[in-house]
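Structure below is final.cif: mmCIF, C-alpha atoms.
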```
data_start
#
loop_
_atom_site.label_atom_id
_atom_site.label_comp_id
_atom_site.auth_asym_id
_atom_site.auth_seq_id
_atom_site.Cartn_x
_atom_site.Cartn_y
_atom_site.Cartn_z
CA MET A 1 120.19 157.96 332.39
CA ALA A 2 117.60 160.41 331.08
CA ILE A 3 114.56 160.99 333.27
CA GLU A 4 111.63 159.06 331.83
CA VAL A 5 108.79 159.93 334.22
CA PHE A 6 107.74 163.51 334.98
CA ASN A 7 105.04 164.89 337.27
CA ARG A 8 104.93 168.66 337.20
CA TYR A 9 102.94 171.83 336.73
CA GLU A 10 103.54 173.91 333.62
CA LYS A 11 102.76 177.55 332.81
CA LYS A 12 103.23 179.27 329.48
CA TYR A 13 104.02 182.84 328.51
CA LEU A 14 104.22 184.39 325.04
CA LEU A 15 107.03 186.96 325.10
CA ASP A 16 108.14 189.67 322.74
CA GLU A 17 111.88 190.21 322.27
CA GLU A 18 112.07 192.93 324.92
CA SER A 19 110.39 190.74 327.55
CA TYR A 20 112.58 187.79 326.59
CA GLN A 21 115.77 189.84 327.04
CA TYR A 22 114.46 191.13 330.38
CA ILE A 23 113.88 187.57 331.64
CA ILE A 24 117.26 186.31 330.44
CA LYS A 25 119.10 189.20 332.09
CA ASN A 26 117.34 188.76 335.42
CA ILE A 27 117.64 184.98 335.77
CA GLU A 28 121.42 184.91 335.23
CA SER A 29 122.15 184.87 338.97
CA TYR A 30 119.67 182.10 339.70
CA MET A 31 119.74 179.73 336.75
CA LYS A 32 122.17 177.86 334.53
CA PRO A 33 121.74 176.65 330.95
CA ASP A 34 121.03 172.96 330.49
CA LYS A 35 123.68 170.81 328.82
CA HIS A 36 122.36 171.60 325.34
CA SER A 37 122.18 175.39 325.84
CA LYS A 38 125.62 176.22 327.20
CA GLY A 39 127.08 179.34 325.68
CA GLY A 40 123.62 180.54 324.74
CA GLU A 41 123.21 177.86 322.08
CA MET A 42 119.78 176.73 320.94
CA TYR A 43 118.90 173.18 320.02
CA ASN A 44 116.23 171.73 317.80
CA ILE A 45 113.36 169.59 319.03
CA ALA A 46 111.04 167.79 316.60
CA ASN A 47 107.79 165.96 317.33
CA ILE A 48 105.23 163.80 315.60
CA TYR A 49 101.78 164.03 317.19
CA TYR A 50 99.53 161.01 316.78
CA ASP A 51 95.76 161.23 316.71
CA THR A 52 92.73 159.46 315.35
CA GLU A 53 91.73 160.00 311.74
CA SER A 54 89.03 162.41 312.97
CA ASP A 55 91.43 164.29 315.31
CA ASP A 56 89.60 163.22 318.46
CA LEU A 57 92.51 163.76 320.87
CA ILE A 58 93.33 167.34 319.90
CA ALA A 59 89.66 168.30 319.47
CA HIS A 60 89.02 167.07 323.01
CA SER A 61 92.15 168.78 324.32
CA ILE A 62 91.26 172.28 323.13
CA GLU A 63 87.95 172.07 325.00
CA LYS A 64 90.08 172.31 328.20
CA PRO A 65 88.76 169.15 329.91
CA LEU A 66 89.83 168.05 333.39
CA TYR A 67 91.70 165.11 331.83
CA LYS A 68 93.42 164.77 328.48
CA GLU A 69 96.13 162.63 326.93
CA LYS A 70 98.33 162.61 323.85
CA LEU A 71 100.96 160.45 322.21
CA ARG A 72 104.00 161.93 320.50
CA LEU A 73 107.34 160.88 319.12
CA ARG A 74 110.24 163.24 319.88
CA SER A 75 113.77 163.67 318.59
CA TYR A 76 116.53 166.15 319.28
CA GLY A 77 117.65 167.25 315.85
CA VAL A 78 116.93 165.28 312.67
CA PRO A 79 117.40 161.53 313.26
CA ASP A 80 117.79 158.62 310.89
CA LEU A 81 115.76 155.44 311.17
CA ASN A 82 118.29 153.68 313.42
CA ASP A 83 118.68 156.57 315.88
CA LYS A 84 117.13 156.49 319.33
CA VAL A 85 114.19 158.81 319.88
CA PHE A 86 111.58 159.21 322.63
CA LEU A 87 108.06 157.83 322.45
CA GLU A 88 105.99 159.72 325.00
CA ILE A 89 102.55 159.50 326.51
CA LYS A 90 101.52 162.78 328.10
CA LYS A 91 98.52 163.17 330.39
CA LYS A 92 97.12 166.20 332.16
CA TYR A 93 94.63 166.13 335.03
CA GLU A 94 93.49 169.29 336.83
CA GLY A 95 96.64 171.11 335.78
CA LEU A 96 99.16 168.42 336.77
CA VAL A 97 101.16 167.10 333.83
CA ASN A 98 102.31 163.48 333.86
CA LYS A 99 104.75 162.59 331.10
CA ARG A 100 106.10 159.09 330.63
CA ARG A 101 108.53 158.22 327.89
CA THR A 102 110.88 155.56 326.67
CA LYS A 103 113.81 155.53 324.32
CA ILE A 104 113.19 153.53 321.17
CA ARG A 105 114.73 153.33 317.73
CA LEU A 106 112.87 155.47 315.23
CA LYS A 107 112.05 152.62 312.85
CA ASP A 108 110.75 150.53 315.77
CA ALA A 109 108.55 153.40 316.98
CA TYR A 110 106.95 153.66 313.54
CA ASN A 111 106.36 149.91 313.44
CA LEU A 112 104.81 149.88 316.92
CA VAL A 113 102.42 152.79 316.50
CA GLU A 114 101.42 152.28 312.88
CA LYS A 115 101.62 148.50 312.47
CA GLY A 116 101.31 147.10 315.99
CA ILE A 117 104.73 145.41 315.79
CA ASP A 118 106.52 145.13 319.14
CA PRO A 119 110.07 146.51 319.20
CA PRO A 120 112.98 144.11 319.72
CA GLU A 121 114.28 143.67 323.28
CA GLU A 122 116.66 146.56 324.06
CA ASP A 123 118.20 147.54 327.41
CA PHE A 124 117.28 151.21 326.92
CA ILE A 125 113.54 150.56 326.49
CA ASN A 126 111.40 151.27 329.55
CA LYS A 127 109.09 148.27 329.48
CA GLN A 128 106.51 149.70 331.87
CA VAL A 129 106.10 152.85 329.81
CA LEU A 130 106.06 150.78 326.62
CA ASN A 131 103.17 148.71 328.00
CA GLU A 132 101.23 151.87 328.85
CA ILE A 133 101.70 153.13 325.31
CA LYS A 134 100.60 149.79 323.90
CA TYR A 135 97.47 149.96 326.06
CA LEU A 136 96.65 153.40 324.66
CA LEU A 137 97.17 152.06 321.14
CA SER A 138 94.84 149.16 321.90
CA ARG A 139 92.09 151.64 322.83
CA LYS A 140 92.55 154.11 319.99
CA LYS A 141 93.58 153.75 316.36
CA LEU A 142 96.24 156.45 316.06
CA VAL A 143 98.01 157.74 312.97
CA PRO A 144 100.71 160.40 312.45
CA LYS A 145 98.84 163.70 312.03
CA LEU A 146 101.30 166.55 312.63
CA TYR A 147 105.01 167.27 312.50
CA LEU A 148 105.94 170.13 314.84
CA THR A 149 109.42 171.51 315.47
CA TYR A 150 111.09 174.45 317.23
CA ASP A 151 114.40 175.72 318.53
CA ARG A 152 114.87 175.78 322.31
CA ARG A 153 117.02 177.38 324.98
CA ALA A 154 116.58 175.89 328.45
CA TYR A 155 117.67 176.68 332.01
CA PHE A 156 117.63 174.96 335.41
CA ALA A 157 117.63 176.71 338.79
CA ILE A 158 121.13 176.56 340.30
CA ASP A 159 119.87 175.50 343.75
CA ASP A 160 116.95 173.33 342.62
CA ASP A 161 116.98 171.46 339.31
CA ASP A 162 113.27 170.70 339.75
CA PHE A 163 112.57 174.24 338.48
CA ARG A 164 113.10 174.60 334.75
CA VAL A 165 112.46 177.38 332.25
CA THR A 166 112.44 176.87 328.48
CA PHE A 167 112.30 179.37 325.63
CA ASP A 168 111.05 178.18 322.23
CA LYS A 169 111.29 180.07 318.96
CA ASN A 170 110.92 179.39 315.24
CA ILE A 171 107.91 177.15 315.90
CA ARG A 172 106.80 175.50 312.66
CA ALA A 173 104.61 172.63 311.55
CA ARG A 174 103.54 170.52 308.57
CA ARG A 175 100.85 167.93 307.84
CA GLU A 176 102.56 166.42 304.82
CA ASP A 177 105.49 164.00 305.00
CA VAL A 178 105.01 163.54 308.75
CA ARG A 179 108.33 161.83 309.43
CA LEU A 180 111.13 162.89 311.77
CA GLU A 181 113.86 161.86 309.33
CA ALA A 182 112.37 164.08 306.59
CA GLY A 183 113.91 167.27 308.01
CA ASN A 184 112.79 170.08 310.28
CA HIS A 185 111.06 172.34 307.75
CA GLY A 186 107.49 173.55 308.10
CA GLU A 187 105.15 176.54 308.07
CA LEU A 188 105.81 179.13 310.76
CA LEU A 189 103.17 178.82 313.47
CA VAL A 190 103.99 181.87 315.64
CA ASP A 191 105.54 185.16 314.53
CA ASN A 192 109.29 184.79 314.77
CA ASP A 193 109.68 187.88 316.95
CA LYS A 194 107.90 185.95 319.71
CA TRP A 195 109.25 183.48 322.27
CA LEU A 196 107.18 180.84 324.02
CA MET A 197 108.39 180.57 327.60
CA GLU A 198 107.37 177.64 329.77
CA ILE A 199 108.07 177.20 333.45
CA LYS A 200 108.05 173.61 334.70
CA SER A 201 108.17 172.45 338.30
CA SER A 202 106.50 169.98 340.63
CA LYS A 203 106.35 172.64 343.36
CA GLY A 204 105.62 175.91 341.59
CA ALA A 205 107.90 178.84 340.76
CA PRO A 206 110.32 180.16 343.41
CA LEU A 207 109.63 183.61 344.89
CA TRP A 208 112.57 185.24 343.11
CA PHE A 209 111.16 184.20 339.75
CA VAL A 210 107.64 185.33 340.65
CA LYS A 211 109.13 188.73 341.57
CA ILE A 212 110.93 188.97 338.21
CA LEU A 213 107.67 188.28 336.37
CA SER A 214 105.69 190.72 338.50
CA GLU A 215 108.18 193.56 338.09
CA GLY A 216 108.30 192.93 334.34
CA GLY A 217 104.51 192.86 333.98
CA ILE A 218 104.66 189.37 332.50
CA TYR A 219 101.62 187.12 332.91
CA PRO A 220 100.80 183.56 331.83
CA ARG A 221 98.48 182.71 328.98
CA SER A 222 96.97 179.52 327.70
CA PHE A 223 98.88 178.28 324.66
CA SER A 224 99.23 174.90 322.99
CA LYS A 225 101.49 174.45 319.99
CA TYR A 226 99.44 171.55 318.63
CA GLY A 227 96.17 173.25 319.61
CA THR A 228 97.17 176.47 317.84
CA GLU A 229 98.09 174.60 314.66
CA TYR A 230 94.88 172.57 314.75
CA THR A 231 92.73 175.67 315.18
CA LYS A 232 94.44 177.32 312.17
CA TYR A 233 94.05 174.12 310.18
CA ILE A 234 90.31 173.87 310.88
CA ASN A 235 89.76 177.57 310.18
CA ASN A 236 91.51 177.24 306.82
CA LYS A 237 89.31 174.26 305.93
CA ARG A 238 86.20 176.29 306.79
CA ILE A 239 87.37 179.21 304.63
CA LYS A 240 87.88 176.81 301.72
CA GLY A 241 84.44 175.30 302.30
CA GLU A 242 85.88 171.86 303.04
CA ILE A 243 83.93 171.49 306.29
#
```
Written as C-alpha cells, that's how I'd like the structure from this file.
Amino acid sequence: MAIEVFNRYEKKYLLDEESYQYIIKNIESYMKPDKHSKGGEMYNIANIYYDTESDDLIAHSIEKPLYKEKLRLRSYGVPDLNDKVFLEIKKKYEGLVNKRRTKIRLKDAYNLVEKGIDPPEEDFINKQVLNEIKYLLSRKKLVPKLYLTYDRRAYFAIDDDDFRVTFDKNIRARREDVRLEAGNHGELLVDNDKWLMEIKSSKGAPLWFVKILSEGGIYPRSFSKYGTEYTKYINNKRIKGEI
C-alpha cells in the first residue's frame, strides 16, 4: 500500500547539469533508484493546484508564513477519468511538511472539489484524509487554478528509506484547460538545463550526503514551483496593465 501520511523536512537546490552529474556520480554507493526510476528512467508527475478565485493560498504562501496549506490533485502520467489519482492536502509549519493524501478516481476528485459531491465508497479511499480535505473545502471555496507537470528521477538511501532525493526537470505549467486528462503540455517554467533537487527526510540528511554537498559547493535555496509560476503570472499581468 502506498504511504498516505508524510511528516518530513524538505530542502531544495537548483542545479546546473554539471552539479547534477556530480551528485548522481557520488550518491551511487549510498542510494538506489525508486521503483519508477530503475535504469535511470524518468517518470512524469502532473498536478492540479486548487486555490480561491483571488489566489489567497499561494499569495499567503509566498510571504513565507509560519503556517501554510495547499490542496492539489496528483497523477503519475496522464490519466483518464476512471483512473486512480491522489488528492493531497499539504501543510507546512516552521519548516516541517505534513502531507496527507488519499487515492481517488479522477472523476470523483473533480466532483468532490468542484461540486461538493462525496465520492462513492471505495476500499482504497483513506476516509480520515478525505474528511480533512472536506473540512478544508468547507472553509474555503477552491477552484482549479494551475496545472503543473515535470519529469522526475528519484532515489532512496540504501540503508534508510526515510532519506529520499528527487531530481525534477522539464518543469512546465498552464492556466488554461486545467485538467489532468488533457495532457502534460505547458509553458516551460525553469530553463531546461536546470534540475530541481529536493532532499526529503524526517531526520535530516545523513553525514555522507552533507559531505558530498559541501565538497561540491552546493547550497540550498528557497524555491516553489507554484510560487515561481504565480510570481511570473502576476508580473506579466502588471506589465500588461491588468492589475
Practice task
Using only C-alpha atoms, find the one residue out of A:Ala59, A:Ile48, A:Leu213, A:Ile171 that sits nearest to Trp195 (chain A).
Solution key: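 Of the candidates, the smallest distance to Trp195 (chain A) is held by A:Ile171.
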Once the PyMOL selection byres ((chain A and resi 94) around 7) has been evaluated on this model, what residues remain selected, and can you format them as a PDB file with C-alpha atoms, keeping the file's coordinate frame?
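The result, written out as out26.pdb:
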```
ATOM      1  CA  LEU A  66      89.830 168.050 333.390  1.00  0.00           C
ATOM      2  CA  TYR A  67      91.700 165.110 331.830  1.00  0.00           C
ATOM      3  CA  LYS A  92      97.120 166.200 332.160  1.00  0.00           C
ATOM      4  CA  TYR A  93      94.630 166.130 335.030  1.00  0.00           C
ATOM      5  CA  GLY A  95      96.640 171.110 335.780  1.00  0.00           C
ATOM      6  CA  LEU A  96      99.160 168.420 336.770  1.00  0.00           C
TER       7      LEU A  96
END
```
Practice task
Measuring atom to atom with all atoms listed in the file, identify which of A:Glu69, A:Glu181, A:Asp168, A:Asp51 is nearest to Val143 (chain A).
Solution key: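 Looking at the shortest contact to Val143 (chain A), the residue is A:Asp51.
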Problem - Neighbour list for Phe86 (chain A) as a PyMOL selection string, cut-off 9 Å, only C-alpha atoms, skip fewer than 4 positions in-chain - result: chain A and resi 72-75+101-106+109
Fill in the blank from the handout: Nearest to Tyr22 (chain A), restricted to only C-alpha atoms and choosing among A:Ile234, A:Leu146, A:Ile212, A:Ala182, comes out as A:Ile212
Handout entry: Expected selection from the PyMOL selection byres ((chain A and resi 225-228) around 12), given as a ChimeraX atom specification
Key = /A:12,14,47-51,55,57-64,70-72,145-150,168-175,188-190,196-198,222-224,229-235
Handout entry: Target residues per the PyMOL selection byres ((chain A and resi 160) around 10), formatted as a PyMOL selection string
Key = chain A and resi 30-31+156-159+161-164+201+206
Handout entry: Distance of CA of Tyr76 (chain A) from CA of Glu176 (chain A), expressed in Å to one decimal place
Key =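 Value for the CA of Glu176 (chain A)-CA of Tyr76 (chain A) distance: 20.1 Å.
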Handout entry: Atomic distance CA of Lys38 (chain A) - CA of Val165 (chain A), expressed in Å with one decimal
Key =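 Separation between CA of Lys38 (chain A) and CA of Val165 (chain A): 14.1 Å.
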Practice task
Find the spatial neighbours of Pro120 (chain A), counting all atoms listed in the file, within a cut-off of 12 Å - ignore same-chain residues fewer than 3 positions away - and output them as a list in words.
Solution key: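 Final neighbour list, sorted by chain and number: Ile104, Arg105, Lys107, Asp108, Ala109, Asn111, Leu112, Ile117, Asp123, Phe124, Ile125, Lys127 and Leu130 of chain A.
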Handout entry: Residue neighbourhood Arg8 (chain A), 8 Å, all atoms listed in the file, exclusion window fewer than 3 positions, as a PyMOL selection string
Key = chain A and resi 96-98+200-203
Problem - Which of A:Pro220, A:Pro144, A:Pro65, A:Gly39 sits closest to Glu114 (chain A) [using all atoms listed in the file] - result: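 For Glu114 (chain A), the nearest of the candidates is A:Pro144.
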Problem - Between CA of Lys115 (chain A) and CA of Leu180 (chain A) - distance in Å to one decimal - result: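 Rounded to one decimal, the two atoms are 17.3 Å apart.
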Handout entry: Using all atoms listed in the file: which of A:Lys99, A:Glu215, A:Gln21, A:Arg238 has the shortest distance to Tyr9 (chain A)
Key =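 Ranking A:Lys99, A:Glu215, A:Gln21, A:Arg238 by distance to Tyr9 (chain A), first place goes to A:Lys99.
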Exercise for the section: Counting only C-alpha atoms, figure out which residue out of A:Ser138, A:Val5, A:Glu121, A:Met42 gets nearest to Arg153 (chain A). Expected result: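 Distance minimum relative to Arg153 (chain A) lands on A:Met42.
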